[in-house]
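Asks: Quick one: the structure is below, and I'll ask about it shortly.
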Amino acid sequence: ENDELVQELSVSGSKNLRMDTSAAKAMLAKLKSDPRLKMMDANGRKISIPAFEAKIQKMELNDKIEANKREIEQEEKQYANLLNAWRNLPTIPTSDDINSAVQPKEFVVDLPPVSPVDWDYERSSLVNTVVSVLKAKFQYWLVPRFALKRKANSVVDAKWANIKAELLTTHDNAVVNRQSELEHRAALWNVQENARIAKLQRLINGDLEEMHKTAIDQIEAITFPFETACDVSLSDSSFMYVNLDLPDIEDVIPAHKTKTLKNGETSEVAIAQTSRNRDYFGLVVGQGILIAAHLFANLPSLEFVSVAGYTQRQRTKAFDEVNTYVFDIKFPKQFIIGFHADVDDLRPLVRSLSPIMCVSSNWALERIERPAWIKVLE
């Protein structure tokens, strides 16, 4: 009764098998239930049931180790995506790009044309319909098909002039409706284009209200892989301030990583604080670069973006500020235009901007004084 394998072995005598853990367990059950079956290794030596069970246990252990490795690799990939999320920077438009953007874009016809009436198809289809009606009406009569078709043609001939007029009217109405819909869409397109160009012109001219609204819309549209918030302010049309609430290091940078042990279990290994600080530095400074890039990409009159980043650390004294500022960086537009997002170490580039920040030897961002411009803008 031992299935196809036994039948095959009764003919061939032996069979080479490659088995995963599940197949090996099924084979073990067959070996135990049918003494006729024998398992041999590659050298022709018999494998006892206890030895086969030991091999299966080893396979199960390897499966567990591999599953843990895949899970760890997935976690590492997700963490790398978190650290590199800021590197997807928008392109800063050139003056030529802006001049081109203020030109009205032509409406593109996006409705297919109405197909002309296929008279041969319509008439043939109508004849076939009449034939079907006649067959249903005289289903118990032995009427040859050619006779039915001849009768159908005569019926269609009598009505064809009226039917043709109806089809032509339907077609003409479809043409009129399409033209009406095109005119509606073209008019709507022109309204939207005029509004787009008017808004862009206000941004080019440095309209502060329009710039503030656009800045908020653009920052809200950025997808951050963590909770964050910010306020924006303008001193004039060329300078924007961003007060950025940074994620706490404990919320985004893990303190431990998972390691797979030889017994198939996993263990948590502490990550060096220097490594965590370095990742956090790149993450939050990169976040500031990403926000500045989006602002420059959408606000043509802007020349500088100053980003002050703070965390909400616990106060050690009752009169300490809740918000602990850790950097204040002034980004010129030309810096962002020439910036390469694949850079490994941000410190030399940021240092060239003369930022207000204090980075310790282990990469930790130390507390700085609250930027003066925040007090003024409040």
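Ligands are numbered from 1 in the order shown, residues from 1 within each chain, and chains are lettered A, B, ... in the order they appear in the structure tokens.
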Please identify all polymer residues within 8 Å of Leu302 (chain A), counting only C-alpha atoms, omitting same-chain residues fewer than 4 positions from it, and present them as a list in words.
Replies: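 Everything that qualifies: Ser237, Ser238, Phe239, Met240, Leu295, Phe296 and Lys333 of chain A.
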Asks: Near His256 (chain A), within 8 Å and counting only C-alpha atoms, which residues show up once chain neighbours fewer than 6 positions away are dropped, as a list in words?
Replies: Glu268, Val269, Ala270 and Ile271 of chain A
Asks: Extract, using only C-alpha atoms, all DNA, RNA and protein residues at most 10 Å from Trp189 (chain A), discarding same-chain residues fewer than 3 positions from it, and format them as a list in words.
Replies: Lys105, Glu106, Phe107, Val108, Glu183, His184, Arg185, Ala186, Gln192, Glu193, Asn194 and Ala195 of chain A
Asks: With only C-alpha atoms as the counted atoms, please give the residues lying no more than 12 Å from Pro112 (chain A), apart from itself and same-chain residues fewer than 6 positions off, as a compact mmCIF listing (two decimals) with C-alpha atoms, in the first residue's frame.
Replies:
# COMPACT_ATOMS: atom_id res chain seq x y z
CA ALA A 174 -21.84 60.51 -29.61
CA VAL A 175 -19.69 62.88 -31.70
CA ARG A 178 -17.50 63.88 -27.12
CA GLN A 179 -16.88 67.37 -28.44
CA GLU A 181 -16.79 66.79 -23.03
CA LEU A 182 -13.53 67.84 -24.69
Asks: For region 217-223 of chain A, please output as a list in words all residues within 8 Å (counting only C-alpha atoms; exclusion window: fewer than 2 positions along the same chain).
Replies: Lys213, Thr214, Ala215, Pro225, Ile291, His294, Leu295 and Asn298 of chain A
Asks: Using only C-alpha atoms, which of the listed residues (A:Phe339, A:Phe304, A:Trp119, A:Phe52) sits closest to Ile163 (chain A)?
Replies: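 Going through A:Phe339, A:Phe304, A:Trp119, A:Phe52 one by one, the smallest distance to Ile163 (chain A) is for A:Trp119.
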